[in-house]
Amino acid sequence: MGFSDFLGNAATVTHLRESVRAGRLPHSLILAGPAGAGKYTLALMLAKVANCLDPREIGGLPDYCDRCSNCTRIGAAANLEELVAEAVAAREDLRETDKRETRILVQTHPDVLVIPPDPPQLMIKLGQVRQAIHAAYYRPPVEAKRAFTIFTSSAFMKEAANSLLKLLEEPPEHTTLILLTENPQELLPTIRSRAVIHRLGALPAGELEALLAQRRPELKPRDRALASRLAEGAVGRALTIDLDKYLVSRQDALVILRGAIQERGYTQLFQATESYRAGADGQEKTLNLLRALSSLLEDLLLTVAGSSALIRNLDLETELGKLSAGLSVEWIDAAVHAVTQVEQGMRRNLLRSLSLDAMALSLDRE
């Protein structure tokens, strides 16, 4: 695997490779783009090409071998979800006092530190930033030419974001800091002003559909069309989307919308949200529901605006048309705000089922 395997955003990738060739890779870099656009993959690629023990050039630009010890150990961090789950499980085995002080970090290479959002709030915390500062200032690279610290989320706790500024204001010569974000506006202006921003744009739905025909031939044409729209231009999301899981979440989201827009009585609503009350997978299920609900609300907005050709849930075009009758842009905007409030509340450990019930009831048009 090399840069030729990275799909889309050729101009951005070329610019970054040119920076590596010139020895001018920024000390602080923000990679922005939708979930699944390849931000994390590209960050690991940059760490590989900067530290490859057997580098090569392709088309006059630097590339990596993906076989040397540096490349393979950096590449071992690719399965981030699995590594985070292992780290969380290891933390659960600690004594209670140690558990509170232990933060989630991923490090498959001694000079490449990956910092994911820390459960259960799923935010970057002060202890994680302190680890990044310690690594940058007091642990120079031992096996790599250049050290990398990769923050995989822009959801920083306030004190963590303020602490990060020290590292951005006085970056060590031997370290590159990469922040990944879906929305750069979530980051403090003082952070954005101290980093070079590169954006990964969305790929057209037609290109994603053609890619799915090659990579996921088991999908029916109708499912490929739906998956390519739901991916919002993100290659990784298109290739990994679990349509069955999404459709289950979407069904509950439709119950909430129908109850708010068309129906009286809340029996179905409470039955739908009851399943989110508890369980180890409750948080993931709730996030999936909120994303499905956001997708439907955006499609309703497009339908109200007369742009139904752009909706993502193509198989629901007729029902979305019925639901949108009489809806105002103001109501949809308020509904989107309510969904956002629930997602933010989950970071503060609010009770999921009650939050969902309260949100759904707040959408009542009567």
# chains A, B, ... in the order shown; residues from 1 in each chain; ligands from 1

$ select_by_dssp --residues "stretch 159-245 of chain A" --states "alpha helix (DSSP H)" --output "PyMOL selection string"
chain A and resi 159-169+189-192+205-215+221-230+235-240+243-245

$ residues_around --residues "A:Ala85" --least-positions-apart "5" --cutoff "12 Å" --atoms "only C-alpha atoms" --output "compact mmCIF listing (two decimals) with N, CA and C atoms, in the first residue's frame"
# COMPACT_ATOMS: atom_id res chain seq x y z
N ASN A 79 -6.18 -0.05 12.77
CA ASN A 79 -7.45 -0.54 13.33
C ASN A 79 -7.70 0.15 14.67
N LEU A 80 -8.03 1.42 14.61
CA LEU A 80 -8.09 2.24 15.82
C LEU A 80 -9.18 1.79 16.78
N ALA A 90 -8.42 -2.79 29.29
CA ALA A 90 -7.28 -2.84 30.21
C ALA A 90 -7.47 -1.86 31.35
N ARG A 91 -8.04 -0.70 31.06
CA ARG A 91 -8.26 0.29 32.12
C ARG A 91 -9.30 -0.21 33.12
N GLU A 92 -10.30 -0.92 32.64
CA GLU A 92 -11.33 -1.43 33.52
C GLU A 92 -10.79 -2.43 34.54
N ILE A 104 -6.81 7.10 27.81
CA ILE A 104 -6.66 6.19 26.67
C ILE A 104 -5.69 6.77 25.65
N LEU A 105 -4.64 6.00 25.34
CA LEU A 105 -3.64 6.36 24.34
C LEU A 105 -3.37 5.13 23.49
N VAL A 106 -2.97 5.33 22.24
CA VAL A 106 -2.62 4.23 21.34
C VAL A 106 -1.22 4.51 20.81
N PRO A 116 -7.07 9.23 20.93
CA PRO A 116 -8.50 9.23 20.58
C PRO A 116 -9.31 9.91 21.69
N PRO A 117 -10.57 10.25 21.44
CA PRO A 117 -11.41 10.79 22.52
C PRO A 117 -11.58 9.74 23.61
N ASP A 118 -11.52 10.18 24.85
CA ASP A 118 -11.53 9.27 26.00
C ASP A 118 -12.95 8.95 26.43
N PRO A 119 -13.32 7.66 26.51
CA PRO A 119 -14.66 7.28 26.99
C PRO A 119 -14.81 7.58 28.47
N PRO A 120 -16.04 7.73 28.98
CA PRO A 120 -17.29 7.60 28.24
C PRO A 120 -17.74 8.91 27.58

$ residues_around --residues "A:Ile332" --least-positions-apart "2" --cutoff "10 Å" --atoms "only C-alpha atoms" --output "JSON, numbers by chain"
{"A": [297, 298, 300, 301, 304, 324, 327, 328, 329, 330, 334, 335, 336, 337, 338, 363]}

$ closest_residue --among "A:Gln251, A:Gln262, A:Ser308, A:Thr14" --to "A:Leu293" --atoms "only C-alpha atoms"
A:Gln251

$ residues_around --residues "A:Leu177" --least-positions-apart "4" --cutoff "6 Å" --atoms "only C-alpha atoms" --output "JSON, numbers by chain"
{"A": [27, 28, 148, 149]}

$ write_last_selection --atoms "N, CA and C atoms" --output "mmCIF file, in the first residue's frame"
data_model
loop_
_atom_site.group_PDB
_atom_site.id
_atom_site.type_symbol
_atom_site.label_atom_id
_atom_site.label_comp_id
_atom_site.auth_asym_id
_atom_site.auth_seq_id
_atom_site.Cartn_x
_atom_site.Cartn_y
_atom_site.Cartn_z
ATOM 1 N N HIS A 27 4.701 21.851 11.461
ATOM 2 C CA HIS A 27 4.756 21.326 12.828
ATOM 3 C C HIS A 27 3.350 21.052 13.354
ATOM 4 N N SER A 28 2.383 21.836 12.905
ATOM 5 C CA SER A 28 0.996 21.673 13.354
ATOM 6 C C SER A 28 0.094 21.646 12.128
ATOM 7 N N PHE A 148 5.423 11.901 15.623
ATOM 8 C CA PHE A 148 4.081 12.365 15.268
ATOM 9 C C PHE A 148 3.150 12.152 16.454
ATOM 10 N N THR A 149 2.291 13.142 16.687
ATOM 11 C CA THR A 149 1.190 12.996 17.633
ATOM 12 C C THR A 149 -0.093 13.294 16.872
#

$ atom_distance --atom1 "atom CA of A:Ala37" --atom2 "atom CA of A:Ile178"
15.5 Å

$ residues_around --residues "A:Gly236" --least-positions-apart "2" --cutoff "9 Å" --atoms "only C-alpha atoms" --output "JSON list (two decimals) with C-alpha atoms, in the first residue's frame"
[["chain", "number", "residue", "atom", "x", "y", "z"],
["A", 35, "ALA", "CA", -16.14, 11.06, 8.90],
["A", 36, "GLY", "CA", -14.76, 8.33, 6.66],
["A", 37, "ALA", "CA", -13.01, 10.74, 4.28],
["A", 38, "GLY", "CA", -9.64, 9.15, 5.10],
["A", 231, "ALA", "CA", -21.62, 8.19, 2.91],
["A", 234, "ALA", "CA", -16.57, 9.76, 2.33],
["A", 238, "ALA", "CA", -19.11, 4.03, 1.94],
["A", 239, "LEU", "CA", -16.91, 0.94, 2.12],
["A", 240, "THR", "CA", -17.71, 0.10, 5.73],
["A", 241, "ILE", "CA", -21.30, 1.24, 6.21]]

$ atom_distance --atom1 "atom CA of A:Ala11" --atom2 "atom CA of A:Ala205"
19.2 Å

$ closest_residue --among "A:Thr190, A:Thr176, A:Lys158, A:Leu287" --to "A:Glu343" --atoms "only C-alpha atoms"
A:Leu287

$ closest_atom_pairs --of "stretch 35-69 of chain A" --to "stretch 3-10 of chain A" --cutoff "10 Å" --atoms "only C-alpha atoms" --output "CSV"
residue,atom,partner,partner_atom,distance
A:Ala37,CA,A:Gly8,CA,8.8
A:Gly38,CA,A:Phe6,CA,7.9
A:Thr41,CA,A:Phe6,CA,8.3
A:Leu42,CA,A:Phe6,CA,7.8
A:Met45,CA,A:Phe3,CA,7.4
A:Leu46,CA,A:Phe3,CA,9.4
A:Val49,CA,A:Phe3,CA,9.3
A:Ile58,CA,A:Ser4,CA,8.8
A:Leu61,CA,A:Phe3,CA,9.7
A:Pro62,CA,A:Phe3,CA,9.1
A:Asp63,CA,A:Phe3,CA,6.6
A:Tyr64,CA,A:Phe3,CA,8.1

$ write_last_selection --atoms "N, CA and C atoms" --output "PDB file, in the first residue's frame"
ATOM      1  N   ALA A  37     -13.663  10.147   5.452  1.00  0.00           N
ATOM      2  CA  ALA A  37     -13.010  10.737   4.277  1.00  0.00           C
ATOM      3  C   ALA A  37     -11.572  10.267   4.129  1.00  0.00           C
ATOM      4  N   GLY A  38     -11.013   9.652   5.186  1.00  0.00           N
ATOM      5  CA  GLY A  38      -9.645   9.153   5.105  1.00  0.00           C
ATOM      6  C   GLY A  38      -8.651   9.995   5.881  1.00  0.00           C
ATOM      7  N   THR A  41      -6.333   7.712   7.988  1.00  0.00           N
ATOM      8  CA  THR A  41      -5.479   6.961   7.066  1.00  0.00           C
ATOM      9  C   THR A  41      -4.376   7.844   6.506  1.00  0.00           C
ATOM     10  N   LEU A  42      -4.724   9.071   6.103  1.00  0.00           N
ATOM     11  CA  LEU A  42      -3.745   9.996   5.544  1.00  0.00           C
ATOM     12  C   LEU A  42      -2.725  10.414   6.592  1.00  0.00           C
ATOM     13  N   MET A  45      -0.285   7.703   6.885  1.00  0.00           N
ATOM     14  CA  MET A  45       0.548   7.698   5.687  1.00  0.00           C
ATOM     15  C   MET A  45       1.664   8.741   5.791  1.00  0.00           C
ATOM     16  N   LEU A  46       1.321   9.917   6.310  1.00  0.00           N
ATOM     17  CA  LEU A  46       2.331  10.965   6.470  1.00  0.00           C
ATOM     18  C   LEU A  46       3.403  10.541   7.461  1.00  0.00           C
ATOM     19  N   VAL A  49       5.625   7.997   5.530  1.00  0.00           N
ATOM     20  CA  VAL A  49       6.509   8.522   4.495  1.00  0.00           C
ATOM     21  C   VAL A  49       7.637   9.365   5.098  1.00  0.00           C
ATOM     22  N   ILE A  58       7.536   8.024  -6.427  1.00  0.00           N
ATOM     23  CA  ILE A  58       6.589   7.638  -7.466  1.00  0.00           C
ATOM     24  C   ILE A  58       6.045   8.922  -8.081  1.00  0.00           C
ATOM     25  N   LEU A  61       7.326  12.171  -6.482  1.00  0.00           N
ATOM     26  CA  LEU A  61       6.917  12.501  -5.117  1.00  0.00           C
ATOM     27  C   LEU A  61       7.276  11.365  -4.177  1.00  0.00           C
ATOM     28  N   PRO A  62       7.589  11.689  -2.925  1.00  0.00           N
ATOM     29  CA  PRO A  62       8.002  10.641  -1.983  1.00  0.00           C
ATOM     30  C   PRO A  62       6.872   9.680  -1.660  1.00  0.00           C
ATOM     31  N   ASP A  63       7.236   8.415  -1.449  1.00  0.00           N
ATOM     32  CA  ASP A  63       6.301   7.380  -1.046  1.00  0.00           C
ATOM     33  C   ASP A  63       7.014   6.480  -0.046  1.00  0.00           C
ATOM     34  N   TYR A  64       6.288   5.527   0.524  1.00  0.00           N
ATOM     35  CA  TYR A  64       6.864   4.658   1.548  1.00  0.00           C
ATOM     36  C   TYR A  64       6.756   3.206   1.106  1.00  0.00           C
TER      37      TYR A  64
END

$ residues_around --residues "A:Leu247" --least-positions-apart "4" --cutoff "10 Å" --atoms "only C-alpha atoms" --output "MDAnalysis selection string"
chainID A and resid 242:243 251:253 288:289 292

$ write_last_selection --atoms "C-alpha atoms" --output "PDB file, in the first residue's frame"
ATOM      1  CA  ASP A 242     -23.555  -1.385   7.797  1.00  0.00           C
ATOM      2  CA  LEU A 243     -26.829  -0.815   5.964  1.00  0.00           C
ATOM      3  CA  GLN A 251     -36.920   2.863  11.570  1.00  0.00           C
ATOM      4  CA  ASP A 252     -36.838   4.169  15.146  1.00  0.00           C
ATOM      5  CA  ALA A 253     -36.005   7.645  13.836  1.00  0.00           C
ATOM      6  CA  ASN A 288     -26.693   5.631  15.375  1.00  0.00           C
ATOM      7  CA  LEU A 289     -30.279   6.731  16.024  1.00  0.00           C
ATOM      8  CA  ALA A 292     -30.239   8.508  11.239  1.00  0.00           C
TER       9      ALA A 292
END

$ select_by_dssp --residues "stretch 96-300 of chain A" --states "strand (DSSP E)" --output "tab-separated table (two decimals) with C-alpha atoms, in the first residue's frame"
chain	number	residue	atom	x	y	z
A	106	VAL	CA	-2.62	4.23	21.34
A	107	GLN	CA	1.05	3.73	20.51
A	108	THR	CA	2.18	0.93	18.20
A	109	HIS	CA	5.44	2.77	17.39
A	112	VAL	CA	3.97	7.90	16.91
A	113	LEU	CA	1.36	8.71	19.56
A	114	VAL	CA	-2.34	8.45	18.69
A	115	ILE	CA	-4.81	10.17	21.02
A	147	ALA	CA	7.82	12.05	15.86
A	148	PHE	CA	4.08	12.36	15.27
A	149	THR	CA	1.19	13.00	17.63
A	150	ILE	CA	-2.26	12.46	16.11
A	151	PHE	CA	-5.43	13.69	17.83
A	175	THR	CA	7.60	16.70	16.15
A	176	THR	CA	4.56	17.09	13.92
A	177	LEU	CA	1.15	17.47	15.56
A	178	ILE	CA	-1.89	16.42	13.48
A	179	LEU	CA	-5.46	17.21	14.52
A	180	LEU	CA	-8.34	15.46	12.75
A	181	THR	CA	-11.74	17.11	12.64
A	196	VAL	CA	-2.08	24.65	8.60
A	197	ILE	CA	-5.52	23.42	7.54
A	198	HIS	CA	-5.95	20.88	4.72
A	199	ARG	CA	-9.46	19.81	3.74

$ atom_distance --atom1 "atom CA of A:Ala213" --atom2 "atom CA of A:Leu230"
15.6 Å

$ residues_around --residues "A:Pro34" --least-positions-apart "4" --cutoff "8 Å" --atoms "only C-alpha atoms" --output "VMD selection string"
chain A and resid 181 to 183 200 to 202 232 to 234

$ write_last_selection --atoms "N, CA and C atoms" --output "compact mmCIF listing (two decimals), in the first residue's frame"
# COMPACT_ATOMS: atom_id res chain seq x y z
N THR A 181 -10.46 16.53 12.27
CA THR A 181 -11.74 17.11 12.64
C THR A 181 -12.72 17.04 11.49
N GLU A 182 -13.99 16.87 11.83
CA GLU A 182 -15.04 16.98 10.83
C GLU A 182 -15.41 18.43 10.61
N ASN A 183 -15.21 19.25 11.63
CA ASN A 183 -15.58 20.66 11.57
C ASN A 183 -14.52 21.49 12.28
N LEU A 200 -10.23 17.62 3.22
CA LEU A 200 -10.54 16.49 2.35
C LEU A 200 -11.99 16.62 1.92
N GLY A 201 -12.18 16.85 0.64
CA GLY A 201 -13.52 17.07 0.13
C GLY A 201 -14.27 15.78 -0.13
N ALA A 202 -15.56 15.92 -0.37
CA ALA A 202 -16.42 14.76 -0.64
C ALA A 202 -16.27 14.31 -2.08
N GLU A 232 -22.03 10.50 2.21
CA GLU A 232 -21.74 11.94 2.11
C GLU A 232 -20.37 12.21 1.50
N GLY A 233 -20.01 11.40 0.52
CA GLY A 233 -18.76 11.64 -0.18
C GLY A 233 -17.53 11.05 0.47
N ALA A 234 -17.71 10.32 1.60
CA ALA A 234 -16.57 9.76 2.33
C ALA A 234 -16.33 8.31 1.89

$ closest_residue --among "A:Val235, A:Asn51, A:Ala195, A:Asp93" --to "A:Leu211" --atoms "only C-alpha atoms"
A:Val235

$ decode --residues "stretch 196-225 of chain A" --atoms "C-alpha atoms" --output "tab-separated table (two decimals), in the first residue's frame"
chain	number	residue	atom	x	y	z
A	196	VAL	CA	-2.08	24.65	8.60
A	197	ILE	CA	-5.52	23.42	7.54
A	198	HIS	CA	-5.95	20.88	4.72
A	199	ARG	CA	-9.46	19.81	3.74
A	200	LEU	CA	-10.54	16.49	2.35
A	201	GLY	CA	-13.52	17.07	0.13
A	202	ALA	CA	-16.42	14.76	-0.64
A	203	LEU	CA	-16.37	12.43	-3.64
A	204	PRO	CA	-19.41	12.52	-5.97
A	205	ALA	CA	-22.05	9.89	-5.21
A	206	GLY	CA	-21.61	8.43	-8.70
A	207	GLU	CA	-17.91	7.72	-8.08
A	208	LEU	CA	-18.68	6.09	-4.73
A	209	GLU	CA	-21.38	3.95	-6.31
A	210	ALA	CA	-18.94	2.74	-8.96
A	211	LEU	CA	-16.35	2.01	-6.25
A	212	LEU	CA	-18.92	0.02	-4.26
A	213	ALA	CA	-19.71	-2.04	-7.33
A	214	GLN	CA	-16.03	-3.09	-7.36
A	215	ARG	CA	-15.35	-3.42	-3.62
A	216	ARG	CA	-18.74	-4.59	-2.29
A	217	PRO	CA	-20.32	-6.60	-5.11
A	218	GLU	CA	-22.66	-8.30	-2.63
A	219	LEU	CA	-24.69	-5.08	-2.41
A	220	LYS	CA	-27.69	-4.78	-4.69
A	221	PRO	CA	-27.78	-1.73	-7.02
A	222	ARG	CA	-30.46	-0.09	-4.86
A	223	ASP	CA	-28.36	-0.61	-1.73
A	224	ARG	CA	-25.25	0.74	-3.47
A	225	ALA	CA	-27.16	3.89	-4.40
